[in-house]
Amino acid sequence: MKSVIVVIGPGSIGQAIARRVGAGKHVLLADLRAENAKAAADVMSNAGFEVSTATVDISSRESIHELALAATKVGEVTGVIHAAGVSPSQASPATILKVDLYGTAVLLEELGNVIVRGGSGVVIASQSGHRLGALSAEQDKALATTAPEQLLSLPFLQPEQVKDSLHAYQLAKRGNSLRVMAEAVRWGKRGARINTISPGIIITPLAKDELTGPRSEGYRRMVERCPAGRAGTPDEVGNVGALLMGPDGAFITGSDFLMDGGVTASYFFGELAPQQAK
C-alpha cells in the first residue's frame, strides 16, 4: 500500500517540506483554490514526485473530512503538512479565527483519526503566537482542549475582546501550538507524532502581502533589527520540517519550534522591545 503525505496549503513552505519528506511516497496536495494545487503539482511532478490534488476548505469540517477520506483511498497516511491559513493583512478577525484556529483544530482531529503508526505531522504556526502576552492557565487549556465546534464560543475570543486582525492572528497561532501539544497525546496513542514550527518572516507570497500591507513598517523593522539581520527562506523551514517528520526527530512530539532569526528574542530583550519603539 502506498505511503501518503497530505499537504494542506502547498505554497512555498508546504512544498519545501514536502520535497524533503515525499520522495518515494504519494504526495496529496490540497488547497482552497484548485489552480494553486495544480500549480504545485506541476512543479513537484516535474521534479519526479508522485502527486495528486484535492480541493479543501479548512474552515469546513465536512471538507476536511472528505480530504482525510480521499487520502485513505490513495494509501496509508504517514505524513501531514499543514501550511494553509490567512494572515492579518488578508482577513478579518472572525475569518482568521475560523480558518487558522478552528480549521487547524478540526484538521488535527480528522487527520489524527487516519494517521498510521510511525506517522508524523507538522503544523506551521507563527512567531506571532510567541509575542502574545501570557494567557491564564484556564485560557491555555481551553485553546488546547475545547471541542472544535465550541472553540469560537470561548468568551475571550468574542468580537468585543478581539478587535483587530493581528490580535486574532496571535491568538490563533498560540492556539495552534497549544492544540498540537494536546493532540500529541492522542496521536501518540496511534504511534504517531505531531509538532509545530513557528516561523518568523519567511519570504513567501503571504509575507510579501504583509511587507507591502498596513503593517509593512513594523515588518521591515523586524527584518532589519533582528539578530539574524534578514528574513528567512522556505527551504530553511523545510529543513526543520524534515527533521521533525523524519527518523532523526523520532523523540520529538508535542513541541513548538520557534525559528524567527531572533525577532522574538529582540522583542523581549533587544532593539525591538515595545518600549524602545519609535
# chains A, B, ... in the order shown; residues from 1 in each chain; ligands from 1
>>> residues_around(residues="segment 66-73 of chain A", least_positions_apart="6", cutoff="7 Å", atoms="only C-alpha atoms", output="PyMOL selection string")
chain A and resi 4+56+110-111
>>> select_by_dssp(residues="segment 35-260 of chain A", states="strand (DSSP E)", output="PyMOL selection string")
chain A and resi 50-55+76-82+115-124+193-199+256-259
>>> write_last_selection(atoms="C-alpha atoms", output="mmCIF file, in the first residue's frame")
data_model
loop_
_atom_site.group_PDB
_atom_site.id
_atom_site.type_symbol
_atom_site.label_atom_id
_atom_site.label_comp_id
_atom_site.auth_asym_id
_atom_site.auth_seq_id
_atom_site.Cartn_x
_atom_site.Cartn_y
_atom_site.Cartn_z
ATOM 1 C CA GLU A 50 4.194 11.223 -7.476
ATOM 2 C CA VAL A 51 1.409 13.693 -6.780
ATOM 3 C CA SER A 52 -2.323 14.242 -6.900
ATOM 4 C CA THR A 53 -4.501 17.205 -5.950
ATOM 5 C CA ALA A 54 -7.603 17.960 -3.933
ATOM 6 C CA THR A 55 -9.662 20.992 -3.019
ATOM 7 C CA GLU A 76 -1.779 4.877 4.289
ATOM 8 C CA VAL A 77 -1.460 8.407 5.640
ATOM 9 C CA THR A 78 2.069 8.573 7.032
ATOM 10 C CA GLY A 79 2.569 12.337 6.977
ATOM 11 C CA VAL A 80 0.621 15.565 7.355
ATOM 12 C CA ILE A 81 1.949 19.034 6.487
ATOM 13 C CA HIS A 82 -0.442 21.841 7.389
ATOM 14 C CA ILE A 115 -2.595 8.789 10.612
ATOM 15 C CA VAL A 116 -0.866 5.406 10.823
ATOM 16 C CA ARG A 117 1.678 4.082 13.306
ATOM 17 C CA GLY A 118 5.053 5.666 12.659
ATOM 18 C CA GLY A 119 3.423 8.658 11.009
ATOM 19 C CA SER A 120 4.204 12.289 11.749
ATOM 20 C CA GLY A 121 2.910 15.761 11.085
ATOM 21 C CA VAL A 122 3.927 19.403 11.136
ATOM 22 C CA VAL A 123 1.693 22.447 11.582
ATOM 23 C CA ILE A 124 3.001 25.855 10.535
ATOM 24 C CA ARG A 193 3.920 12.343 16.266
ATOM 25 C CA ILE A 194 2.853 15.963 15.675
ATOM 26 C CA ASN A 195 4.734 19.252 16.152
ATOM 27 C CA THR A 196 4.531 22.910 15.206
ATOM 28 C CA ILE A 197 7.027 25.240 13.597
ATOM 29 C CA SER A 198 6.660 28.945 14.365
ATOM 30 C CA PRO A 199 8.487 30.769 11.590
ATOM 31 C CA ASP A 256 6.867 24.044 19.006
ATOM 32 C CA PHE A 257 9.996 25.182 17.172
ATOM 33 C CA LEU A 258 10.439 28.953 17.002
ATOM 34 C CA MET A 259 12.642 29.932 14.043
#
>>> residues_around(residues="Glu183 of chain A", least_positions_apart="6", cutoff="9 Å", atoms="only C-alpha atoms", output="list in words")
Ala105, Leu108, Glu109, Gly112, Ala144, Thr145, Ile194 and Gly254 of chain A
>>> write_last_selection(atoms="C-alpha atoms", output="compact mmCIF listing (two decimals), in the first residue's frame")
# COMPACT_ATOMS: atom_id res chain seq x y z
CA ALA A 105 -8.21 22.10 15.39
CA LEU A 108 -5.66 17.79 13.63
CA GLU A 109 -8.68 15.81 14.73
CA GLY A 112 -5.28 12.36 13.51
CA ALA A 144 -5.76 23.26 23.70
CA THR A 145 -8.69 21.05 24.54
CA ILE A 194 2.85 15.96 15.68
CA GLY A 254 4.04 17.99 21.07
>>> residues_around(residues="Val86 of chain A", least_positions_apart="3", cutoff="12 Å", atoms="only C-alpha atoms", output="short mmCIF file (atom, residue, chain, number, x, y, z; two decimals) with C-alpha atoms, in the first residue's frame")
data_model
loop_
_atom_site.label_atom_id
_atom_site.label_comp_id
_atom_site.auth_asym_id
_atom_site.auth_seq_id
_atom_site.Cartn_x
_atom_site.Cartn_y
_atom_site.Cartn_z
CA GLY A 9 -1.56 24.63 1.65
CA LEU A 32 -8.79 26.03 -1.30
CA ILE A 58 -10.13 24.32 6.12
CA SER A 59 -12.91 26.34 7.69
CA ALA A 83 0.76 25.12 5.93
CA SER A 89 -3.45 41.72 6.22
CA GLN A 90 -5.61 39.23 4.36
CA ALA A 91 -8.65 38.72 6.57
CA SER A 92 -10.92 39.96 9.34
CA PRO A 93 -10.53 38.78 12.96
CA ALA A 94 -13.53 36.45 12.59
CA THR A 95 -12.14 34.84 9.43
CA ILE A 96 -8.69 34.42 10.96
CA LEU A 97 -10.13 32.64 13.99
CA LYS A 98 -12.37 30.47 11.80
CA VAL A 99 -9.61 29.43 9.40
CA ASP A 100 -6.41 29.48 11.46
CA LEU A 101 -7.77 28.37 14.86
CA GLY A 103 -9.73 24.90 10.96
CA THR A 104 -6.45 23.71 12.43
CA ILE A 124 3.00 25.85 10.53
CA ALA A 125 2.21 28.32 13.33
CA SER A 126 3.95 31.71 13.66
CA SER A 165 -6.73 41.08 12.93
CA LEU A 166 -3.26 40.98 14.47
CA ALA A 168 -6.82 37.37 16.29
CA TYR A 169 -3.78 36.00 14.45
CA GLN A 170 -1.68 35.92 17.62
CA ALA A 172 -4.89 31.62 16.61
CA LYS A 173 -1.20 30.84 16.35
CA PRO A 205 3.67 35.47 -1.20
CA LEU A 206 1.90 35.76 2.16
CA ALA A 207 4.90 37.54 3.69
CA ASP A 209 1.43 40.85 1.45
CA GLU A 210 2.50 41.80 4.95
#
>>> residues_around(residues="Ile203 of chain A", least_positions_apart="5", cutoff="8 Å", atoms="only C-alpha atoms", output="list in words")
Lys208, Ala231, Gly232, Thr233 and Pro234 of chain A
>>> atom_distance(atom1="atom CA of Ala182 of chain A", atom2="atom CA of Asp31 of chain A")
25.6 Å
>>> residues_around(residues="Val43 of chain A", least_positions_apart="5", cutoff="12 Å", atoms="only C-alpha atoms", output="ChimeraX atom specification")
/A:10-12,15-16,18-19,29,36-38,48-52
>>> atom_distance(atom1="atom CA of Ser3 of chain A", atom2="atom CA of Ser63 of chain A")
21.8 Å
>>> atom_distance(atom1="atom CA of Gly129 of chain A", atom2="atom CA of Thr264 of chain A")
10.0 Å
>>> select_by_dssp(residues="segment 107-137 of chain A", states="alpha helix (DSSP H)", output="PyMOL selection string")
chain A and resi 107-112+137
>>> write_last_selection(atoms="C-alpha atoms", output="tab-separated table (two decimals), in the first residue's frame")
chain	number	residue	atom	x	y	z
A	107	LEU	CA	-7.71	19.20	10.75
A	108	LEU	CA	-5.66	17.79	13.63
A	109	GLU	CA	-8.68	15.81	14.73
A	110	GLU	CA	-9.68	14.46	11.32
A	111	LEU	CA	-6.17	13.66	10.06
A	112	GLY	CA	-5.28	12.36	13.51
A	137	ALA	CA	-3.83	28.60	32.64
>>> decode(residues="segment 113-155 of chain A", atoms="C-alpha atoms", output="compact mmCIF listing (two decimals), in the first residue's frame")
# COMPACT_ATOMS: atom_id res chain seq x y z
CA ASN A 113 -8.03 9.79 13.05
CA VAL A 114 -6.33 8.31 9.99
CA ILE A 115 -2.59 8.79 10.61
CA VAL A 116 -0.87 5.41 10.82
CA ARG A 117 1.68 4.08 13.31
CA GLY A 118 5.05 5.67 12.66
CA GLY A 119 3.42 8.66 11.01
CA SER A 120 4.20 12.29 11.75
CA GLY A 121 2.91 15.76 11.08
CA VAL A 122 3.93 19.40 11.14
CA VAL A 123 1.69 22.45 11.58
CA ILE A 124 3.00 25.85 10.53
CA ALA A 125 2.21 28.32 13.33
CA SER A 126 3.95 31.71 13.66
CA GLN A 127 6.33 33.82 15.70
CA SER A 128 3.26 36.00 16.40
CA GLY A 129 1.98 33.44 18.86
CA HIS A 130 5.13 33.94 20.91
CA ARG A 131 4.66 37.70 21.22
CA LEU A 132 1.13 37.46 22.59
CA GLY A 133 1.02 38.28 26.29
CA ALA A 134 0.65 35.41 28.73
CA LEU A 135 -2.79 33.86 28.89
CA SER A 136 -4.24 32.32 32.03
CA ALA A 137 -3.83 28.60 32.64
CA GLU A 138 -7.56 28.22 32.04
CA GLN A 139 -7.34 30.02 28.69
CA ASP A 140 -4.36 27.91 27.62
CA LYS A 141 -6.24 24.74 28.45
CA ALA A 142 -9.35 25.99 26.67
CA LEU A 143 -7.42 26.66 23.45
CA ALA A 144 -5.76 23.26 23.70
CA THR A 145 -8.69 21.05 24.54
CA THR A 146 -12.07 22.68 23.84
CA ALA A 147 -14.03 20.73 21.24
CA PRO A 148 -13.54 22.43 17.86
CA GLU A 149 -17.23 23.25 17.46
CA GLN A 150 -17.15 25.16 20.78
CA LEU A 151 -13.80 26.89 20.26
CA LEU A 152 -15.12 30.07 18.70
CA SER A 153 -17.65 30.47 21.50
CA LEU A 154 -14.95 30.92 24.15
CA PRO A 155 -15.51 34.24 25.97
